[in-house]
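Trainee: Got a structure here, written out as structure tokens. Questions coming.
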Amino acid sequence: MSWTLAGLGLGSSLFLLFAIGLPVTFAFFGVNLAGAWVFLGGEAGLEQLVRNTGDSVNSFALLPIPLFVMMGEILFHTGVAYRSINAIDRLLQRVPARLAVVSLAGGTVFAALSGSSIANTALLGGTLSPDMLRRGYSPTLSFGPVMAVGGIAVLIPPSALAVMLGSLSGISISKLLIGGIVPGLLMSFAFLVYILVTCWLWPDVAPRERVYSRGGFRERYWPFIRDVIPLSLIFVAVIGSMLSGLATPTEASALGAVASLVATACYGALTLNNLKTSLLETAKVSVSILFIIAASTTFSQILSFSGVTTGVTEVIGNLRLSPDMLVLAMLGLLLLLGCVIDQVSMMLVTLPFFMPLAAAANIDTIWLGLMMLVAIEIGLLTPPFGILLMVMQGAAPRGTPLAQIYRAAFPFIVIEIAVLGLMFLWPAMVNWLPGLLD
Amino acid sequence: MASSPSLTRPRSALTAVFDLCGSLSALLLGVIVVLVTADIATRSFHLANLAWVNEVTEYLLTFATFTGAPWVLHHHGHVNIDIIVTRLSASAQRALTLTCDAGGLIISAVLFYEALRVLLGSYADGSMVFKYLVFPEWYLTTPIVFCFALCTLEFAGRLLARREVLS
């Protein structure tokens with residue numbers, strides 16, 4: 001069978017199963033069963049499929065996925081995350097669009113403590129967005145920053161998706177994690193500038209609050225010192241242990257989970273009940289990611305055995321695209337896929353092609369990996385399938401139309417694309433921090 | 001909508017099994033944190049060398065994934081792409097849901113059968129895993145067999161429930 005026919009058959013079957021609503025994992029398994037039978041040698045291929053399924057998640061490098069998620073779930077379910085958002089709320093006064101800025105600052109802090117974008121958006125969307133709407137903020141400012149900053153959790157370590165990208169592509173996980181800091185903070189800063197400029201140009205979008213009292217030290221600064229600053233130790237435990245060489249990314253993720261437990265215990269917020277809830281929610285999120293990985297490993301192998309990977313690589317190679325054009329094509333494809341499929345599937349479908357192409361064109365994989373993460377992050381916000389759009393709709397007041405949430409996300413998508421463009425044009429900005437690990 | 005008594009008892013027993021799987025999966029993830037932290041602590045303070053920890057945590061992750069997956073399926077927690085489905089009429093949605101459940105049943109049943117075949121073959125051959133720990137290979141296939149057996153039951157249960165509603 002020619003590779004084009006194989007590719008068309010495998011690709012169209014997979015997307016057909018996605019389209020009818022079969023869980024992504026089972027769609028991969030279904031195509032794998034047929035593909036393994038045809039391309040991996042009948043019965044022996046099916047045996048290989050079973051063995052691959054077990055082996056694919058039997059990896060120390062994948063441990064940060066549940067452990068980074070666990071950090072966020074612990075802080076979320078013990079209420080410590082809410083306390084830190086409240087503390088930031090008290091600290092930031094006399095700022096235009098105060099609550100939008102609070103959501104941005106709080107979201108950035110939580111992104112540094114949690115590996116889950118969904119938890120980040122759910123936390124802020126459930127608390128600050130309804131409050132902003134009540135106070136007369138425009139829907140764009142009430143929903144947009146919350147969704148946008150939620151996505152930053154993909155970039156700022158700890159990031160479960162960065163670990164997954166690293167382990168599937170062979171790119172250094174530590175470098176991806178560390179490298180996400182600069183674009184993540186840059187994005188957060190760009191969102192802040194957008195909010196302030198919008199408020200300056202159209203003051204109606206965020207009515208200024210009347211500040212009755214400036215508040216004393218105890219009221220205004222103490223909650224921040226008490227509820228936010230100590231949490232930075234969690235970030236230090238993860239990043240510090242990695243940078244100092246004390247721990248591998250996997251070990252750093254375990255230290256992060258322990259640091260979250262210790263922090264919540266010190267605040268007296270940790271109970272057996274919320275620990276149980278945190279662990280169960282961690283299992284729910286992580287198992288769904290890991291099970292997709294288990295299903296997709298054989299898919300990559302089938303693509304390779306059927307000649308699809310080599311065929312596509314050769315066709316694109318024959319186009320004689322410059323490395324920059326190739327990178328742009330890859331990012332463009334990811335942005336398109338982000339509109340219709342989820343982040344994990346995006347990686348699994350594209351990486352078997354992207355990595356050989358990048359290797360053949362001598363493209364810096366850290367730079368590429370970080371830009372891929374940004375493109376994947378943008379996919380969280382692009383309609384119709386942006387997961388954070390759905391999370392926001394779930395957290396928003398009842399009856400909020402999805403179209404309004406789409407419109408709120410739009411300016412932030414533009415900003416994220418601009419940051420992606422900057423990363424593309426200025427690789428040194430992206431590479432200097434990971435370079436410190438050499 | 002009330003279920004018939006003949007199906008209620010097995011279904012709630014099955015739900016209890018799924019929830020037990022979820023709790024076990026969550027517990028295993030907790031154990032991983034404890035083990036990895038103990039390894040770092042003992043290594044940093046030169047107290048002991050827990051060289052087996054990496055390998056054991058890998059196995060625990062595998063067990064956590066395959067015991068947790070049927071539980072996540074039972075609670076409709078696996079990612080699916082519903083942008084087309086949600087735009088269809090109610091009857092078309094019902095038809096697609098039925099198709100997905102039937103497809104899921106076939107896929108899970110075939111994988112269960114194949115995993116069982118691999119397990120029995122591995123048992124009969126006496127294949128062993130030789131790493132830091134040495135043990136029979138079929139130990140590692142057991143959670144996969146268990147996972148797809150439960151997924152098969154879950155999809156079968158969904159189909160039965162739908163048939164019951166239609167009748």
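Every chain in the structure tokens has a letter given in the order shown (A, B, ...), and although residue numbers restart at 1 in each chain, ligands are simply numbered from 1 in the order shown.
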Could you list, as number ranges by chain, every residue of chain A that has an atom within 6 Å of an atom of chain B, counting only C-alpha atoms?

Mentor: A: 18, 21-24, 30, 50, 57-60, 254, 279-280, 283, 287-288

Trainee: Can you tell me, as a short mmCIF file (atom, residue, chain, number, x, y, z; two decimals) with N, CA and C atoms, in the first residue's frame, what residues are no more than 12 Å from Gly35 (chain A) when counting only C-alpha atoms, ignoring any on the same chain fewer than 6 positions away?

Mentor:
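Result file around30.cif:
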```cif
data_model
loop_
_atom_site.label_atom_id
_atom_site.label_comp_id
_atom_site.auth_asym_id
_atom_site.auth_seq_id
_atom_site.Cartn_x
_atom_site.Cartn_y
_atom_site.Cartn_z
N ALA A 6 -2.12 5.05 2.78
CA ALA A 6 -2.06 4.72 4.21
C ALA A 6 -2.32 5.97 5.05
N GLY A 7 -1.67 7.05 4.67
CA GLY A 7 -1.82 8.30 5.43
C GLY A 7 -3.25 8.80 5.38
N GLY A 9 -5.93 7.04 4.79
CA GLY A 9 -6.79 6.09 5.53
C GLY A 9 -6.68 6.31 7.03
N LEU A 10 -5.45 6.38 7.52
CA LEU A 10 -5.26 6.53 8.98
C LEU A 10 -5.78 7.88 9.46
N GLY A 11 -5.39 8.94 8.72
CA GLY A 11 -5.78 10.29 9.13
C GLY A 11 -7.28 10.49 9.09
N SER A 13 -9.66 8.21 9.13
CA SER A 13 -10.38 7.38 10.13
C SER A 13 -10.29 8.04 11.50
N LEU A 14 -9.08 8.54 11.81
CA LEU A 14 -8.90 9.16 13.13
C LEU A 14 -9.81 10.37 13.28
N PHE A 28 -7.96 6.83 18.97
CA PHE A 28 -6.59 6.39 18.68
C PHE A 28 -6.51 4.86 18.74
N PHE A 29 -7.09 4.26 19.78
CA PHE A 29 -7.03 2.80 19.92
C PHE A 29 -7.71 2.11 18.72
N GLY A 41 1.88 -6.31 11.07
CA GLY A 41 1.99 -7.76 10.92
C GLY A 41 0.90 -8.58 11.57
N GLY A 42 -0.34 -8.20 11.37
CA GLY A 42 -1.48 -9.01 11.83
C GLY A 42 -1.48 -9.23 13.34
N GLU A 43 -1.57 -10.50 13.71
CA GLU A 43 -1.67 -10.85 15.14
C GLU A 43 -0.47 -10.32 15.94
N GLY A 45 1.21 -7.74 15.27
CA GLY A 45 1.04 -6.29 15.40
C GLY A 45 0.13 -5.94 16.57
N LEU A 46 -0.92 -6.73 16.74
CA LEU A 46 -1.84 -6.46 17.86
C LEU A 46 -1.15 -6.70 19.20
N GLN A 48 2.00 -6.31 19.66
CA GLN A 48 2.88 -5.16 19.83
C GLN A 48 2.11 -3.96 20.35
N LEU A 49 0.88 -3.81 19.85
CA LEU A 49 0.02 -2.70 20.29
C LEU A 49 -0.22 -2.78 21.81
N SER A 296 -1.64 6.67 21.89
CA SER A 296 -1.10 7.31 20.69
C SER A 296 0.29 6.81 20.31
N THR A 298 1.46 3.86 19.71
CA THR A 298 1.43 2.93 18.59
C THR A 298 1.04 3.65 17.30
N PHE A 299 0.24 4.71 17.44
CA PHE A 299 -0.16 5.47 16.24
C PHE A 299 1.09 6.02 15.55
N SER A 300 2.01 6.59 16.34
CA SER A 300 3.26 7.13 15.76
C SER A 300 4.03 6.01 15.08
N GLN A 301 4.05 4.85 15.76
CA GLN A 301 4.80 3.71 15.20
C GLN A 301 4.17 3.25 13.88
N ILE A 302 2.85 3.23 13.84
CA ILE A 302 2.17 2.80 12.61
C ILE A 302 2.45 3.80 11.47
N LEU A 303 2.42 5.09 11.81
CA LEU A 303 2.73 6.11 10.79
C LEU A 303 4.12 5.87 10.23
N SER A 304 5.03 5.49 11.12
CA SER A 304 6.41 5.27 10.70
C SER A 304 6.53 4.00 9.85
N PHE A 305 5.94 2.91 10.31
CA PHE A 305 6.03 1.63 9.60
C PHE A 305 5.34 1.67 8.23
N SER A 306 4.25 2.45 8.15
CA SER A 306 3.52 2.49 6.88
C SER A 306 4.20 3.42 5.89
N VAL A 308 4.33 6.65 6.14
CA VAL A 308 3.70 7.97 6.07
C VAL A 308 4.66 9.05 6.57
#
```

Trainee: Within 8 Å of Ala257 (chain A), counting only C-alpha atoms, which residues qualify if same-chain residues fewer than 6 places away don't, as a ChimeraX atom specification?

Mentor: /A:67-68,70-71 /B:33

Trainee: Sorted by chain and rising residue number, which residues of region 54-119 of chain A lie within 12 Å of region 201-210 of chain A, and what are their closest atom pairs and distances in Å to one decimal, counting only C-alpha atoms, as JSON lines?

Mentor:
```
{"residue": "A:Leu92", "atom": "CA", "partner": "A:Glu209", "partner_atom": "CA", "distance": 11.9}
{"residue": "A:Gln93", "atom": "CA", "partner": "A:Glu209", "partner_atom": "CA", "distance": 9.0}
{"residue": "A:Arg94", "atom": "CA", "partner": "A:Glu209", "partner_atom": "CA", "distance": 7.9}
{"residue": "A:Val95", "atom": "CA", "partner": "A:Arg208", "partner_atom": "CA", "distance": 8.4}
{"residue": "A:Pro96", "atom": "CA", "partner": "A:Arg208", "partner_atom": "CA", "distance": 6.5}
{"residue": "A:Ala97", "atom": "CA", "partner": "A:Ala206", "partner_atom": "CA", "distance": 5.2}
{"residue": "A:Arg98", "atom": "CA", "partner": "A:Arg208", "partner_atom": "CA", "distance": 8.0}
{"residue": "A:Leu99", "atom": "CA", "partner": "A:Ala206", "partner_atom": "CA", "distance": 8.9}
{"residue": "A:Ala100", "atom": "CA", "partner": "A:Ala206", "partner_atom": "CA", "distance": 8.6}
{"residue": "A:Val101", "atom": "CA", "partner": "A:Ala206", "partner_atom": "CA", "distance": 10.9}
```

Trainee: Compile the contact shell of Ala360 (chain A) as a list in words: residues with an atom at most 9 Å away, counting only C-alpha atoms, same-chain residues fewer than 4 positions apart removed.

Mentor: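 Contacts, in chain order: Thr313, Gly317, Met355 and Pro356 of chain A.
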
Trainee: With N, CA, C and O atoms retained, write the just-selected residues as an mmCIF file, in the first residue's frame.

Mentor:
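Ended up saving to selection_17.cif:
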```cif
data_model
loop_
_atom_site.group_PDB
_atom_site.id
_atom_site.type_symbol
_atom_site.label_atom_id
_atom_site.label_comp_id
_atom_site.auth_asym_id
_atom_site.auth_seq_id
_atom_site.Cartn_x
_atom_site.Cartn_y
_atom_site.Cartn_z
ATOM 1 N N THR A 313 7.689 13.656 5.212
ATOM 2 C CA THR A 313 8.938 14.383 5.438
ATOM 3 C C THR A 313 9.638 14.654 4.100
ATOM 4 O O THR A 313 10.145 15.744 3.865
ATOM 5 N N GLY A 317 10.331 18.095 2.405
ATOM 6 C CA GLY A 317 11.748 18.350 2.120
ATOM 7 C C GLY A 317 11.944 18.785 0.676
ATOM 8 O O GLY A 317 12.721 19.700 0.384
ATOM 9 N N MET A 355 9.145 16.534 14.336
ATOM 10 C CA MET A 355 10.498 16.339 14.858
ATOM 11 C C MET A 355 11.482 15.871 13.783
ATOM 12 O O MET A 355 12.590 16.421 13.691
ATOM 13 N N PRO A 356 11.095 14.891 12.901
ATOM 14 C CA PRO A 356 12.040 14.546 11.820
ATOM 15 C C PRO A 356 12.298 15.729 10.885
ATOM 16 O O PRO A 356 13.427 15.945 10.452
#
```

Trainee: Please identify the strand (DSSP E or B) residues within region 39-148 of chain B (assignment by DSSP from backbone atoms) and present them as a list of chain:residue names.

Mentor: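 Taking region 39-148 of chain B and keeping strand (DSSP E or B) gives B:Met128, B:Val129, B:Phe130, B:Val134, B:Phe135, B:Pro136.
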